file final_3.pdb (PDB, C-alpha atoms)
ATOM      1  CA  MET A  17       4.627  -3.541  16.616  1.00  0.00           C
ATOM      2  CA  PRO A  18       0.969  -4.520  16.890  1.00  0.00           C
ATOM      3  CA  ILE A  19      -0.987  -4.952  13.686  1.00  0.00           C
ATOM      4  CA  ILE A  20      -3.994  -2.691  13.225  1.00  0.00           C
ATOM      5  CA  ARG A  21      -6.271  -4.019  10.496  1.00  0.00           C
ATOM      6  CA  ILE A  22      -6.633  -1.921   7.356  1.00  0.00           C
ATOM      7  CA  GLU A  23     -10.233  -2.411   6.236  1.00  0.00           C
ATOM      8  CA  ASP A  24     -10.002  -0.494   2.968  1.00  0.00           C
ATOM      9  CA  PRO A  25      -6.598   0.210   1.419  1.00  0.00           C
ATOM     10  CA  LYS A  26      -8.236   2.769  -0.893  1.00  0.00           C
ATOM     11  CA  ILE A  27      -7.910   5.268   1.990  1.00  0.00           C
ATOM     12  CA  PHE A  28      -4.317   5.776   0.811  1.00  0.00           C
ATOM     13  CA  VAL A  29      -5.332   6.893  -2.697  1.00  0.00           C
ATOM     14  CA  GLY A  30      -4.404  10.531  -3.204  1.00  0.00           C
ATOM     15  CA  LEU A  31      -1.616  10.545  -0.610  1.00  0.00           C
ATOM     16  CA  SER A  32       2.025  11.006  -1.461  1.00  0.00           C
ATOM     17  CA  THR A  33       4.078   7.824  -1.437  1.00  0.00           C
ATOM     18  CA  ASP A  34       5.876   8.905   1.747  1.00  0.00           C
ATOM     19  CA  ASP A  35       2.646   9.719   3.607  1.00  0.00           C
ATOM     20  CA  ALA A  36       1.064   6.420   2.579  1.00  0.00           C
ATOM     21  CA  ARG A  37       4.186   4.485   3.661  1.00  0.00           C
ATOM     22  CA  LYS A  38       4.111   6.183   7.056  1.00  0.00           C
ATOM     23  CA  HIS A  39       0.441   5.367   7.685  1.00  0.00           C
ATOM     24  CA  ILE A  40       0.792   1.786   6.481  1.00  0.00           C
ATOM     25  CA  ALA A  41       3.856   1.172   8.651  1.00  0.00           C
ATOM     26  CA  GLU A  42       1.964   2.561  11.663  1.00  0.00           C
ATOM     27  CA  HIS A  43      -0.588  -0.209  11.084  1.00  0.00           C
ATOM     28  CA  GLY A  44       2.173  -2.847  11.146  1.00  0.00           C
ATOM     29  CA  TYR A  45       1.854  -3.810   7.468  1.00  0.00           C
ATOM     30  CA  ASP A  46       4.580  -4.281   4.866  1.00  0.00           C
ATOM     31  CA  ILE A  47       4.534  -2.113   1.746  1.00  0.00           C
ATOM     32  CA  ARG A  48       5.199  -2.724  -1.927  1.00  0.00           C
ATOM     33  CA  VAL A  49       5.257   0.216  -4.324  1.00  0.00           C
ATOM     34  CA  VAL A  50       4.866  -0.277  -8.071  1.00  0.00           C
ATOM     35  CA  GLN A  51       4.615   2.154 -10.939  1.00  0.00           C
ATOM     36  CA  THR A  52       1.969   0.314 -12.926  1.00  0.00           C
ATOM     37  CA  HIS A  53      -0.976  -2.040 -12.431  1.00  0.00           C
ATOM     38  CA  LEU A  54       0.787  -4.659 -14.551  1.00  0.00           C
ATOM     39  CA  VAL A  55       3.556  -5.470 -12.067  1.00  0.00           C
ATOM     40  CA  TYR A  56       1.957  -7.949  -9.682  1.00  0.00           C
ATOM     41  CA  LYS A  57       3.920 -10.735  -8.048  1.00  0.00           C
ATOM     42  CA  PRO A  58       2.155 -13.962  -7.083  1.00  0.00           C
ATOM     43  CA  ASP A  59       3.364 -13.895  -3.461  1.00  0.00           C
ATOM     44  CA  TYR A  60       0.168 -12.816  -1.707  1.00  0.00           C
ATOM     45  CA  ASP A  61       0.636 -11.482   1.820  1.00  0.00           C
ATOM     46  CA  PRO A  62      -2.470 -10.406   3.763  1.00  0.00           C
ATOM     47  CA  LEU A  63      -0.290  -8.079   5.827  1.00  0.00           C
ATOM     48  CA  ARG A  64       1.037  -6.083   2.888  1.00  0.00           C
ATOM     49  CA  VAL A  65      -0.416  -3.120   1.054  1.00  0.00           C
ATOM     50  CA  LEU A  66       0.412  -2.851  -2.639  1.00  0.00           C
ATOM     51  CA  LEU A  67       0.556   0.802  -3.687  1.00  0.00           C
ATOM     52  CA  ILE A  68       0.236   1.744  -7.348  1.00  0.00           C
ATOM     53  CA  VAL A  69       1.978   5.095  -7.752  1.00  0.00           C
ATOM     54  CA  GLU A  70       2.125   7.684 -10.515  1.00  0.00           C
ATOM     55  CA  LYS A  71       4.206  10.853 -10.113  1.00  0.00           C
ATOM     56  CA  ASP A  72       4.670  10.127  -6.368  1.00  0.00           C
ATOM     57  CA  ILE A  73       0.907   9.987  -5.729  1.00  0.00           C
ATOM     58  CA  VAL A  74      -0.933   6.784  -4.815  1.00  0.00           C
ATOM     59  CA  VAL A  75      -3.524   6.098  -7.514  1.00  0.00           C
ATOM     60  CA  ASP A  76      -4.644   2.665  -6.297  1.00  0.00           C
ATOM     61  CA  ALA A  77      -3.994   0.351  -3.359  1.00  0.00           C
ATOM     62  CA  THR A  78      -4.822  -3.265  -2.569  1.00  0.00           C
ATOM     63  CA  ILE A  79      -4.072  -5.769   0.165  1.00  0.00           C
ATOM     64  CA  GLY A  80      -1.734  -8.531  -0.845  1.00  0.00           C
TER      65      GLY A  80
END

call {"tool": "encode", "arguments": {"input": "final_3.pdb", "output": "structure tokens"}}
result
Amino acid sequence: MPIIRIEDPKIFVGLSTDDARKHIAEHGYDIRVVQTHLVYKPDYDPLRVLLIVEKDIVVDATIG
């Protein structure tokens, strides 16, 4: 699958987890979903979107 650059991962804020996963996968990126801002792993990947989710809604998103 070709990779389509995601310029601003904040575009996923407000989407359901499933909708965000679908859009991110369509861009060729990997996805990591966490329930809190405090659960970051040090394995940075520029082709991964980290979704911070509360009650199945994306509340923040970053690349890495």

call {"tool": "atom_distance", "arguments": {"input": "final_3.pdb", "atom1": "atom CA of Asp61 of chain A", "atom2": "atom CA of Glu42 of chain A"}}
result
17.2 Å

call {"tool": "closest_residue", "arguments": {"input": "final_3.pdb", "among": "A:Phe28, A:Ile20, A:Asp46, A:Asp35", "to": "Val75 of chain A", "atoms": "only C-alpha atoms"}}
result
A:Phe28

call {"tool": "axis_aligned_box", "arguments": {"input": "final_3.pdb", "around": "segment 34-43 of chain A", "padding_each_side": "6 Å", "output": "AutoDock Vina command-line options"}}
result
--center_x 2.6 --center_y 4.8 --center_z 6.7 --size_x 18.5 --size_y 21.9 --size_z 21.9

call {"tool": "resolve_selection", "arguments": {"input": "final_3.pdb", "expression": "the PyMOL selection byres ((chain A and resi 44) around 8)", "output": "mmCIF file with C-alpha atoms, in the frame of the given file"}}
result
data_model
loop_
_atom_site.group_PDB
_atom_site.id
_atom_site.type_symbol
_atom_site.label_atom_id
_atom_site.label_comp_id
_atom_site.auth_asym_id
_atom_site.auth_seq_id
_atom_site.Cartn_x
_atom_site.Cartn_y
_atom_site.Cartn_z
ATOM 1 C CA MET A 17 4.627 -3.541 16.616
ATOM 2 C CA PRO A 18 0.969 -4.520 16.890
ATOM 3 C CA ILE A 19 -0.987 -4.952 13.686
ATOM 4 C CA ILE A 20 -3.994 -2.691 13.225
ATOM 5 C CA ILE A 40 0.792 1.786 6.481
ATOM 6 C CA ALA A 41 3.856 1.172 8.651
ATOM 7 C CA GLU A 42 1.964 2.561 11.663
ATOM 8 C CA HIS A 43 -0.588 -0.209 11.084
ATOM 9 C CA TYR A 45 1.854 -3.810 7.468
ATOM 10 C CA ASP A 46 4.580 -4.281 4.866
ATOM 11 C CA LEU A 63 -0.290 -8.079 5.827
#

call {"tool": "closest_residue", "arguments": {"input": "final_3.pdb", "among": "A:Leu31, A:Gly80, A:Ala36, A:Val50", "to": "Ile68 of chain A", "atoms": "all atoms listed in the file"}}
result
A:Val50

call {"tool": "residues_around", "arguments": {"input": "final_3.pdb", "residues": "Ile79 of chain A", "least_positions_apart": "6", "cutoff": "9 Å", "atoms": "all atoms listed in the file", "output": "PDB file with C-alpha atoms, keeping the file's coordinate frame"}}
result
ATOM      1  CA  ILE A  22      -6.633  -1.921   7.356  1.00  0.00           C
ATOM      2  CA  ASP A  24     -10.002  -0.494   2.968  1.00  0.00           C
ATOM      3  CA  PRO A  25      -6.598   0.210   1.419  1.00  0.00           C
ATOM      4  CA  TYR A  60       0.168 -12.816  -1.707  1.00  0.00           C
ATOM      5  CA  ASP A  61       0.636 -11.482   1.820  1.00  0.00           C
ATOM      6  CA  PRO A  62      -2.470 -10.406   3.763  1.00  0.00           C
ATOM      7  CA  LEU A  63      -0.290  -8.079   5.827  1.00  0.00           C
ATOM      8  CA  ARG A  64       1.037  -6.083   2.888  1.00  0.00           C
ATOM      9  CA  VAL A  65      -0.416  -3.120   1.054  1.00  0.00           C
ATOM     10  CA  LEU A  66       0.412  -2.851  -2.639  1.00  0.00           C
ATOM     11  CA  LEU A  67       0.556   0.802  -3.687  1.00  0.00           C
TER      12      LEU A  67
END
